[in-house]
Structures are given as structure tokens and as C-alpha cells.
Protein chains: 2
Amino acid sequence: MLYLIGLGLGDERDITLRGLEVVKRCSHVYLEAYTSILLVDKPKLEALYGKELVVADREMVEQKAEEILELARNTDVAFLVVGDPFGATTHSDLHLRALQMGVSVQAIHNASVLNAVGVCGLQLYRFGETISIPFFTETWRPDSFYEKIKLNRSMGLHTLCLLDIRVKEPSMEALCRGKLIYEPPRFMTVNTAIEQLLEIEERLQGGVCGPQTLCVGLARLGGESQYIVSGPMEELLTIDFGPPLHSLILPGHTHIMETEMLHHFRVTPETKRLAVKLSDDVSDGSAEEE
Amino acid sequence: MLYLIGLGLGDERDITLRGLEVVKRCSHVYLEAYTSILLVDKPKLEALYGKELVVADREMVEQKAEEILELARNTDVAFLVVGDPFGATTHSDLHLRALQMGVSVQAIHNASVLNAVGVCGLQLYRFGETISIPFFTETWRPDSFYEKIKLNRSMGLHTLCLLDIRVKEPSMEALCRGKLIYEPPRFMTVNTAIEQLLEIEERLQGGVCGPQTLCVGLARLGGESQYIVSGPMEELLTIDFGPPLHSLILPGHTHIMETEMLHHFRVTPETKRLAVKLSDDVSDGSAEEE
């Protein structure tokens with residue numbers, strides 16, 4: 001049996017009792033490590049599970065999927081995913097391949113950023129299509145997601161923007177010189193996401209957002225150092241949200257209760273002081289994997 | 001501190017380690033029991049937590065919110081919610097009132113139906129606005145959600161339909177006779193949802209759905225007896241999905257991997273046999289609270 005197990009969003013204690021029970025009895029345990037990150041390091045997970053974890057990067061999952069699935073045909077194999085197992089396309093791919101090979105699969109769900117964003121007060125059922133914002137490069141500055149935000153907003157719906165994560169990406173410069181070297185991990189900040197959106201707005205002039213547009217920045221959602229601030233884009237640009245992961249929401253039309261909750265998370269001098277404090281705390285403590 | 005704790009979707013083992021730790025140290029523990037149901041009964045939860053639960057119905061949460069929040073000002077109070085704490089508007093309301101009263105709140109997230117539906121193979125980021133389908137009555141046959149499905153489908157997006165739950169609803173007939181009597185709980189089935197949608201289609205003729213429209217019925221998502229079938233509406237109408245809760249998805253445009261996953265869950269003679277079996281098993285076993 002292949003168990004796809006969600007670890008939730010914070011640290012080792014966010015696994016469910018059911019998930020922990022299963023991990024403990026599996027013969028092989030893989031930890032997916034490229035579509036998200038947990039705010040805790042591998043040894044802590046291993047101590048809790050009482051067994052060794054194999055970190056599975058993108059290469060491994062894409063190239064060795066068959067090997068993992070063959071193992072799962074005869075023994076219990078756990079594939080651990082930060083958040084919920086179906087937050088990222090790759091795990092759906094593994095799921096499908098398993099079913100096609102006749103290997104049984106069971107998912108053990110957990111919180112994902114897609115539902116945990118509800119903590120900011122915006123109602124989950126009033127979100128439109130979720131978008132992903134990739135890092136701009138010198139030559140690649142895509143804007144297809146801009147139209148989706150526009151559509152969501154035209155219907156009064158909120159837009160959750162998932163921000164780019166680059167883990168174990170081969171360096172193109174090195175590849176050109178015939179070497180396989182990996183870039184250091186990069187996680188898009190709320191600030192970069194806003195800068196990119198404002199650049200696209202300037203280019204396309206679609207009236208989707210501007211410096212005064214209300215948005216919500218969320219950092220380390222579900223973790224102890226969770227940090228949420230709502231305010232105009234230009235103000236959020238001045239805030240240090242600290243270590244990853246970050247997400248951004250562009251609210252659509254807000255109902256009275258939503259408006260009041262966002263007001264609670266607005267930018268204030270106190271918010272800014274908290275940001276600096278959190279940023280220090282987290283770098284000292286629980287985010288060694290950065 | 002008020003802790004809003006998600007219990008996940010299946011049984012008592014779907015709470016997270018963090019959630020269990022907190023429940024065990026809280027002086028008062030409320031179990032929300034009207035926006036969803038867990039596939040397990042209260043005594044099992046109490047045995048695991050080692051303490052008594054107060055079942056909080058809609059009346060209680062709406063009328064005694066202040067009392068609960070005053071308790072939370074001085075002691076640790078847990079408010080347990082099936083799924084994730086922010087799946088339903090009422091809990092956001094409690095959250096907001098707490099913040100307004102200056103009572104600290106911490107959310108402990110968990111899986112909700114909004115992300116667990118990913119298990120059927122449809123990509124979560126390709127869902128549009130979520131809709132709720134209420135039970136039709138003789139005189140009230142609303143159709144505002146029909147337009148939302150239409151919009152989602154016109155953009156190629158999937159639509160998750162949350163199906164009505166009626167728990168502890170006062171009987172109107174009895175009220176008219178001056179008596180407060182509660183109706184037995186009712187949970188909308190996939191079949192009723194499809195019937196209602198087809199009725200609206202016949203009335204409005206908007207081309208949103210018809211007997212041949214592909215949809216996905218999901219029952220007891222995240223539980224051991226989870227049951228998922230995809231197929232044309234007219235075929236799903238013939239299937240007994242068993243005990244609650246049920247949900248329905250109307251897929252939009254499906255990518256190749258999504259198409260293949262839905263194919264895996266299609267109606268077959270085997271699917272139907274499984275349905276009958278599951279239906280029997282669950283009524284014998286873990287759903288005593290129905």
C-alpha cells in the first residue's frame with residue numbers, strides 16, 4: 001500500500017494521529033521536499049517517527065516513481081507531503097501512476113495553505129481560481145495569472161496567490177559549462193510578489209491592482225510564528241514578513257465580517273514591530289532548513 | 001485563550017498531535033455539531049481526550065458565544081470543529097467576536113472537504129467558487145448557485161457543491177402550534193443534489209448540466225468508507241452513496257491527468273457492488289450518530 005500522508009503546515013506535531021500510526025508501521029518513508037517546506041528539520045521528524053526518512057527531491061520522484069511504487073506493491077510505503085497530499089500536481093501524478101500499476105493508495109489528509117488561509121477572515125467559499133506567481137527572470141516575465149485575478153475580482157471573488165518555491169534547481173550557468181550544480185533554495189516573498197504584480201499592471205493597464213489595492217500577506221501559515229498583515233500594496237511592500245513560506249491574497253468584494261477581520265490584521269506601527277521581532281525569532285529558531 | 005481546533009474528516013484519530021495536546025490541557029471543551037459531522041460518536045472522542053465534551057449546537061454558539069469567550073479570557077477553552085475551523089462562517093464569527101473582545105485566539109488547522117476533494121484527481125487550484133445547495137421545500141426552490149456553476153464552467157473551472165445539512169432544525173409545523181420540536185437530522189445525498197440541479201436546468205435552460213453531464217459524487221471523504229464515483233448525472237442517480245456526508249463536483253475542463261483519474265473512479269458494475277457493501281458496513285458500524 002502507498003500512503004500519501006499530509007504533514008500539515010507547521011512542525012512535526014501537525015501530523016494526525018492516524019498519519020503517525022501509519023508512518024510508524026511503514027517499511028519505507030519518503031519525505032517530499034520540493035513543493036513546500038515544513039518549519040522543522042528532518043532529525044526532529046525522524047525522532048518522532050522512530051525511523052529514517054529518505055528525502056525525495058523532484059528528480060527522485062520523477063525518475064524513481066516506479067521503484068517507489070514497486071516497493072509499495074508488497075510493503076507499506078509512506079510518502080510524506082507538507083500540507084495536504086493533493087496540494088501539488090506531482091503527488092496526483094504519483095497517485096495516478098500507482099492506480100494504473102494496480103498499487104493500492106490511501107490518502108491521509110491534513111491542512112493545506114488552501115484552507116488554512118481562512119484564518120485571515122476571508123471566507124473560503126468566496127475564493128476564485130488559485131494562481132501561482134513564478135519568479136521573473138531577465139527574459140521570462142509571464143503574466144497569464146494577471147487575467148485570472150482580473151476575472152476573480154470582476155466576480156467579487158478573492159484570489160489566493162501561491163508564491164514560487166525553487167528548491168534544488170540546476171544552475172543554468174553551470175549547465176552551460178557542462179556542470180550540474182544546484183542553485184541555493186529560493187522562496188518568493190510577499191514583497192517580490194507585489195512588485196511583480198505592480199510591474200505587470202503597469203505594462204497591461206488592466207486596472208487589476210495598484211499601490212492602493214488592499215491585499216493580505218501571510219507568512220508561515222499554521223506555524224507558531226504565523227504572521228498576517230492586510231493593507232494597501234504599497235504599505236505591505238515596506239514590511240519584512242520574515243522567513244518562508246509566504247502567500248498573498250487579493251480580496252474581491254468583502255462582506256462586513258470579512259472587512260472587520262481584515263481590519264484586525266491591518267498595518268499598524270505595532271504590526272511592524274511584531275514583524276521585526278518574528279523575523280529575528282524565527283531565524284534563531286525553528287527554520288534551520290532555510 | 002480560545003483554541004479553534006480542526007478535527008479533520010474521518011474519526012477520532014484525525015486530530016493532529018498539536019490539537020490533541022491542546023485539548024488535553026483545556027479546562028472546557030466544546031464540540032461543534034451543526035455544520036458537519038464526524039464519522040464517530042462523542043464517547044470515543046471523550047475517551048481519547050480524557051475529558052467531557054459539551055456539544056455545542058447552533059443555538060448555543062449563537063446565544064452563548066459571549067459566555068464561552070468570557071471563559072476563554074481566563075482559561076484555555078477548546079472549540080472543536082469537524083474539518084478545518086474556517087470551513088463554516090459561524091466559526092469565523094466566533095473568531096471575530098473573540099478578537100473584538102480582546103480574547104486571544106489560536107487556530108489549529110486540519111483537512112477540510114475543500115482540500116480533501118483533491119483525492120478524486122481534480123486539481124485543487126482549478127476549482128472556481130464553491131457553492132452550497134440547500135434542500136428544496138414546497139415553496140422555496142432557490143437557484144442562485146446555478147449561475148455560479150455556469151460562470152465556473154465557462155472558465156473551464158471545477159465546481160465543488162457542498163450539500164445541505166439540517167441538524168436540530170425546529171419543526172415549522174410544531175412552531176405554528178406553539179411547540180418547539182426539532183426535526184430529525186437531514187443530510188442531502190448526491191442523488192438529491194443532482195435531481196435539484198436537473199430541475200433547475202429544466203426551468204432555466206442555461207445549458208449548465210443535463211443527464212449526460214459528467215460529475216463526481218463523494219461520500220464520507222477522508223473516512224475509512226470513503227466512496228467516490230464519477231459518471232454522467234443520470235448514472236450517478238442510480239447509485240446509493242450510503243450514509244452522510246456527501247459532496248458533488250461538476251468538473252470544468254479536465255486536463256489529461258484529471259481525465260485519467262476520473263476514469264479510474266467511473267461507474268462500473270463493480271463500483272455499484274461496492275456501494276451496496278459500503279452502505280451496509282457503515283450502517284452497522286461507525287455512523288451511530290445518524
# chains A, B, ... in the order shown; residues from 1 in each chain; ligands from 1
>>> select_by_dssp(residues="stretch 74-128 of chain A", states="alpha helix (DSSP H)", output="list in words")
Asn74, Thr89, Thr90, His91, Ser92, Asp93, Leu94, His95, Leu96, Arg97, Ala98, Leu99, Gln100, Val113, Leu114, Asn115 and Ala116 of chain A
>>> residues_around(residues="B:Gly8", least_positions_apart="5", cutoff="6 Å", atoms="only C-alpha atoms", output="CSV table (one decimal) with N, CA, C and O atoms, in the first residue's frame")
chain,number,residue,atom,x,y,z
B,14,ASP,N,-8.1,11.5,13.5
B,14,ASP,CA,-7.8,12.6,12.5
B,14,ASP,C,-7.4,13.9,13.2
B,14,ASP,O,-7.1,14.8,12.4
B,82,VAL,N,-15.4,19.9,13.2
B,82,VAL,CA,-15.1,18.9,12.2
B,82,VAL,C,-14.5,19.5,10.9
B,82,VAL,O,-15.0,20.6,10.5
B,83,GLY,N,-13.5,18.9,10.4
B,83,GLY,CA,-12.8,19.6,9.2
B,83,GLY,C,-11.8,20.6,9.7
B,83,GLY,O,-11.1,20.4,10.7
B,110,ASN,N,-6.7,21.7,10.1
B,110,ASN,CA,-6.8,20.3,9.7
B,110,ASN,C,-7.4,20.2,8.3
B,110,ASN,O,-7.7,21.3,7.7
B,111,ALA,N,-7.5,19.0,7.8
B,111,ALA,CA,-8.1,18.9,6.5
B,111,ALA,C,-9.6,19.3,6.5
B,111,ALA,O,-10.3,19.2,7.5
>>> residues_around(residues="stretch 263-273 of chain B", least_positions_apart="4", cutoff="6 Å", atoms="only C-alpha atoms", output="MDAnalysis selection string")
chainID B and resid 229:231
>>> write_last_selection(atoms="C-alpha atoms", output="CSV table (one decimal), in the first residue's frame")
chain,number,residue,atom,x,y,z
B,229,VAL,CA,-17.8,7.7,-8.2
B,230,SER,CA,-17.6,9.7,-11.4
B,231,GLY,CA,-20.1,9.4,-14.3
>>> interface_residues(of="chain A", to="chain B", cutoff="8 Å", atoms="only C-alpha atoms", output="VMD selection string")
chain A and resid 8 13 to 19 84 86 to 87 89 92 to 93 96 99 107 to 112 114 to 116 118 to 119 121 123 to 131 157 222 257 260 to 261 264
>>> write_last_selection(atoms="C-alpha atoms", output="tab-separated table (two decimals), in the first residue's frame")
chain	number	residue	atom	x	y	z
A	8	GLY	CA	0.12	19.88	7.80
A	13	ARG	CA	3.23	17.94	15.75
A	14	ASP	CA	0.91	18.77	12.88
A	15	ILE	CA	0.68	15.20	11.63
A	16	THR	CA	-2.58	13.47	12.58
A	17	LEU	CA	-2.75	10.51	14.98
A	18	ARG	CA	-3.83	8.37	12.03
A	19	GLY	CA	-0.88	9.61	9.96
A	84	ASP	CA	-2.21	18.04	2.16
A	86	PHE	CA	-3.08	16.93	-3.13
A	87	GLY	CA	-1.77	20.46	-2.88
A	89	THR	CA	0.33	18.23	-9.13
A	92	SER	CA	-1.51	13.48	-8.04
A	93	ASP	CA	0.79	12.11	-10.71
A	96	LEU	CA	-2.42	8.09	-10.79
A	99	LEU	CA	-3.58	3.20	-9.61
A	107	ALA	CA	-4.50	9.37	1.34
A	108	ILE	CA	-4.31	10.73	4.87
A	109	HIS	CA	-5.38	14.32	4.63
A	110	ASN	CA	-4.22	17.37	6.51
A	111	ALA	CA	-4.45	21.15	6.40
A	112	SER	CA	-3.10	22.86	3.32
A	114	LEU	CA	-5.64	26.39	0.51
A	115	ASN	CA	-7.85	26.06	3.59
A	116	ALA	CA	-5.58	27.50	6.28
A	118	GLY	CA	-9.32	31.07	6.15
A	119	VAL	CA	-7.64	32.25	9.36
A	121	GLY	CA	-11.13	36.07	7.95
A	123	GLN	CA	-14.47	33.12	3.60
A	124	LEU	CA	-13.03	30.08	1.83
A	125	TYR	CA	-16.05	29.53	-0.38
A	126	ARG	CA	-15.64	33.02	-1.81
A	127	PHE	CA	-12.25	32.35	-3.39
A	128	GLY	CA	-12.00	32.04	-7.16
A	129	GLU	CA	-9.30	30.19	-9.08
A	130	THR	CA	-5.99	29.93	-7.21
A	131	ILE	CA	-2.99	31.28	-9.08
A	157	LEU	CA	-14.08	36.70	-5.57
A	222	GLY	CA	-0.20	27.41	10.60
A	257	MET	CA	-17.46	40.26	8.76
A	260	GLU	CA	-13.77	43.61	10.10
A	261	MET	CA	-11.38	40.66	10.26
A	264	HIS	CA	-7.89	43.43	12.68
>>> atom_distance(atom1="atom CA of A:Ile200", atom2="atom CA of A:Tyr146")
7.6 Å
>>> select_by_dssp(residues="stretch 183-262 of chain B", states="strand (DSSP E)", output="list in words")
Arg186, Phe187, Leu214, Cys215, Val216, Gly217, Leu218, Ala219, Tyr227, Ile228, Val229, Ser230, Gly231, Pro232, His246, Ser247, Leu248, Ile249 and Leu250 of chain B
>>> write_last_selection(atoms="N, CA, C and O atoms", output="PDB file, in the first residue's frame")
ATOM      1  N   ARG B 186     -31.120  15.868   8.784  1.00  0.00           N
ATOM      2  CA  ARG B 186     -31.185  15.515   7.356  1.00  0.00           C
ATOM      3  C   ARG B 186     -29.887  15.924   6.679  1.00  0.00           C
ATOM      4  O   ARG B 186     -29.364  17.005   6.922  1.00  0.00           O
ATOM      5  N   PHE B 187     -29.405  15.045   5.821  1.00  0.00           N
ATOM      6  CA  PHE B 187     -28.178  15.310   5.085  1.00  0.00           C
ATOM      7  C   PHE B 187     -28.480  15.087   3.615  1.00  0.00           C
ATOM      8  O   PHE B 187     -28.983  14.026   3.250  1.00  0.00           O
ATOM      9  N   LEU B 214     -20.970  14.966 -16.974  1.00  0.00           N
ATOM     10  CA  LEU B 214     -20.052  14.239 -16.097  1.00  0.00           C
ATOM     11  C   LEU B 214     -19.982  14.927 -14.738  1.00  0.00           C
ATOM     12  O   LEU B 214     -19.803  16.147 -14.672  1.00  0.00           O
ATOM     13  N   CYS B 215     -20.154  14.159 -13.685  1.00  0.00           N
ATOM     14  CA  CYS B 215     -19.919  14.744 -12.366  1.00  0.00           C
ATOM     15  C   CYS B 215     -19.295  13.694 -11.451  1.00  0.00           C
ATOM     16  O   CYS B 215     -19.094  12.543 -11.837  1.00  0.00           O
ATOM     17  N   VAL B 216     -18.927  14.134 -10.253  1.00  0.00           N
ATOM     18  CA  VAL B 216     -18.254  13.249  -9.311  1.00  0.00           C
ATOM     19  C   VAL B 216     -19.003  13.311  -7.984  1.00  0.00           C
ATOM     20  O   VAL B 216     -19.189  14.387  -7.423  1.00  0.00           O
ATOM     21  N   GLY B 217     -19.453  12.146  -7.515  1.00  0.00           N
ATOM     22  CA  GLY B 217     -20.095  12.078  -6.202  1.00  0.00           C
ATOM     23  C   GLY B 217     -19.089  11.572  -5.190  1.00  0.00           C
ATOM     24  O   GLY B 217     -18.344  10.620  -5.469  1.00  0.00           O
ATOM     25  N   LEU B 218     -19.047  12.214  -4.024  1.00  0.00           N
ATOM     26  CA  LEU B 218     -18.087  11.806  -2.993  1.00  0.00           C
ATOM     27  C   LEU B 218     -18.824  11.623  -1.674  1.00  0.00           C
ATOM     28  O   LEU B 218     -19.616  12.480  -1.273  1.00  0.00           O
ATOM     29  N   ALA B 219     -18.585  10.500  -1.018  1.00  0.00           N
ATOM     30  CA  ALA B 219     -19.244  10.248   0.264  1.00  0.00           C
ATOM     31  C   ALA B 219     -18.202   9.917   1.326  1.00  0.00           C
ATOM     32  O   ALA B 219     -17.211   9.246   1.044  1.00  0.00           O
ATOM     33  N   TYR B 227     -16.081   6.911  -0.461  1.00  0.00           N
ATOM     34  CA  TYR B 227     -16.607   6.307  -1.679  1.00  0.00           C
ATOM     35  C   TYR B 227     -16.765   7.398  -2.735  1.00  0.00           C
ATOM     36  O   TYR B 227     -17.447   8.399  -2.506  1.00  0.00           O
ATOM     37  N   ILE B 228     -16.109   7.214  -3.857  1.00  0.00           N
ATOM     38  CA  ILE B 228     -16.075   8.233  -4.908  1.00  0.00           C
ATOM     39  C   ILE B 228     -16.464   7.596  -6.238  1.00  0.00           C
ATOM     40  O   ILE B 228     -15.914   6.559  -6.607  1.00  0.00           O
ATOM     41  N   VAL B 229     -17.417   8.194  -6.913  1.00  0.00           N
ATOM     42  CA  VAL B 229     -17.788   7.683  -8.242  1.00  0.00           C
ATOM     43  C   VAL B 229     -17.951   8.854  -9.199  1.00  0.00           C
ATOM     44  O   VAL B 229     -18.575   9.862  -8.867  1.00  0.00           O
ATOM     45  N   SER B 230     -17.387   8.710 -10.406  1.00  0.00           N
ATOM     46  CA  SER B 230     -17.596   9.716 -11.444  1.00  0.00           C
ATOM     47  C   SER B 230     -18.426   9.108 -12.554  1.00  0.00           C
ATOM     48  O   SER B 230     -18.331   7.903 -12.825  1.00  0.00           O
ATOM     49  N   GLY B 231     -19.245   9.926 -13.175  1.00  0.00           N
ATOM     50  CA  GLY B 231     -20.059   9.433 -14.279  1.00  0.00           C
ATOM     51  C   GLY B 231     -21.109  10.459 -14.641  1.00  0.00           C
ATOM     52  O   GLY B 231     -21.217  11.508 -13.995  1.00  0.00           O
ATOM     53  N   PRO B 232     -21.894  10.167 -15.679  1.00  0.00           N
ATOM     54  CA  PRO B 232     -22.961  11.073 -16.083  1.00  0.00           C
ATOM     55  C   PRO B 232     -23.995  11.179 -14.961  1.00  0.00           C
ATOM     56  O   PRO B 232     -24.232  10.206 -14.235  1.00  0.00           O
ATOM     57  N   HIS B 246     -22.190  13.727   2.030  1.00  0.00           N
ATOM     58  CA  HIS B 246     -21.958  13.641   0.600  1.00  0.00           C
ATOM     59  C   HIS B 246     -21.548  15.001   0.042  1.00  0.00           C
ATOM     60  O   HIS B 246     -21.931  16.032   0.585  1.00  0.00           O
ATOM     61  N   SER B 247     -20.772  14.981  -1.040  1.00  0.00           N
ATOM     62  CA  SER B 247     -20.478  16.197  -1.796  1.00  0.00           C
ATOM     63  C   SER B 247     -20.556  15.853  -3.275  1.00  0.00           C
ATOM     64  O   SER B 247     -20.483  14.683  -3.656  1.00  0.00           O
ATOM     65  N   LEU B 248     -20.667  16.893  -4.082  1.00  0.00           N
ATOM     66  CA  LEU B 248     -20.786  16.698  -5.525  1.00  0.00           C
ATOM     67  C   LEU B 248     -19.843  17.676  -6.223  1.00  0.00           C
ATOM     68  O   LEU B 248     -19.695  18.814  -5.782  1.00  0.00           O
ATOM     69  N   ILE B 249     -19.182  17.197  -7.275  1.00  0.00           N
ATOM     70  CA  ILE B 249     -18.342  18.102  -8.071  1.00  0.00           C
ATOM     71  C   ILE B 249     -18.817  18.095  -9.513  1.00  0.00           C
ATOM     72  O   ILE B 249     -19.066  17.022 -10.084  1.00  0.00           O
ATOM     73  N   LEU B 250     -18.946  19.260 -10.098  1.00  0.00           N
ATOM     74  CA  LEU B 250     -19.149  19.367 -11.544  1.00  0.00           C
ATOM     75  C   LEU B 250     -17.827  19.827 -12.140  1.00  0.00           C
ATOM     76  O   LEU B 250     -17.456  20.994 -11.990  1.00  0.00           O
TER      77      LEU B 250
END
>>> residues_around(residues="B:Glu169", least_positions_apart="5", cutoff="8 Å", atoms="only C-alpha atoms", output="count of residues only")
4
>>> atom_distance(atom1="atom CA of B:Gly210", atom2="atom CA of B:Met233")
7.1 Å
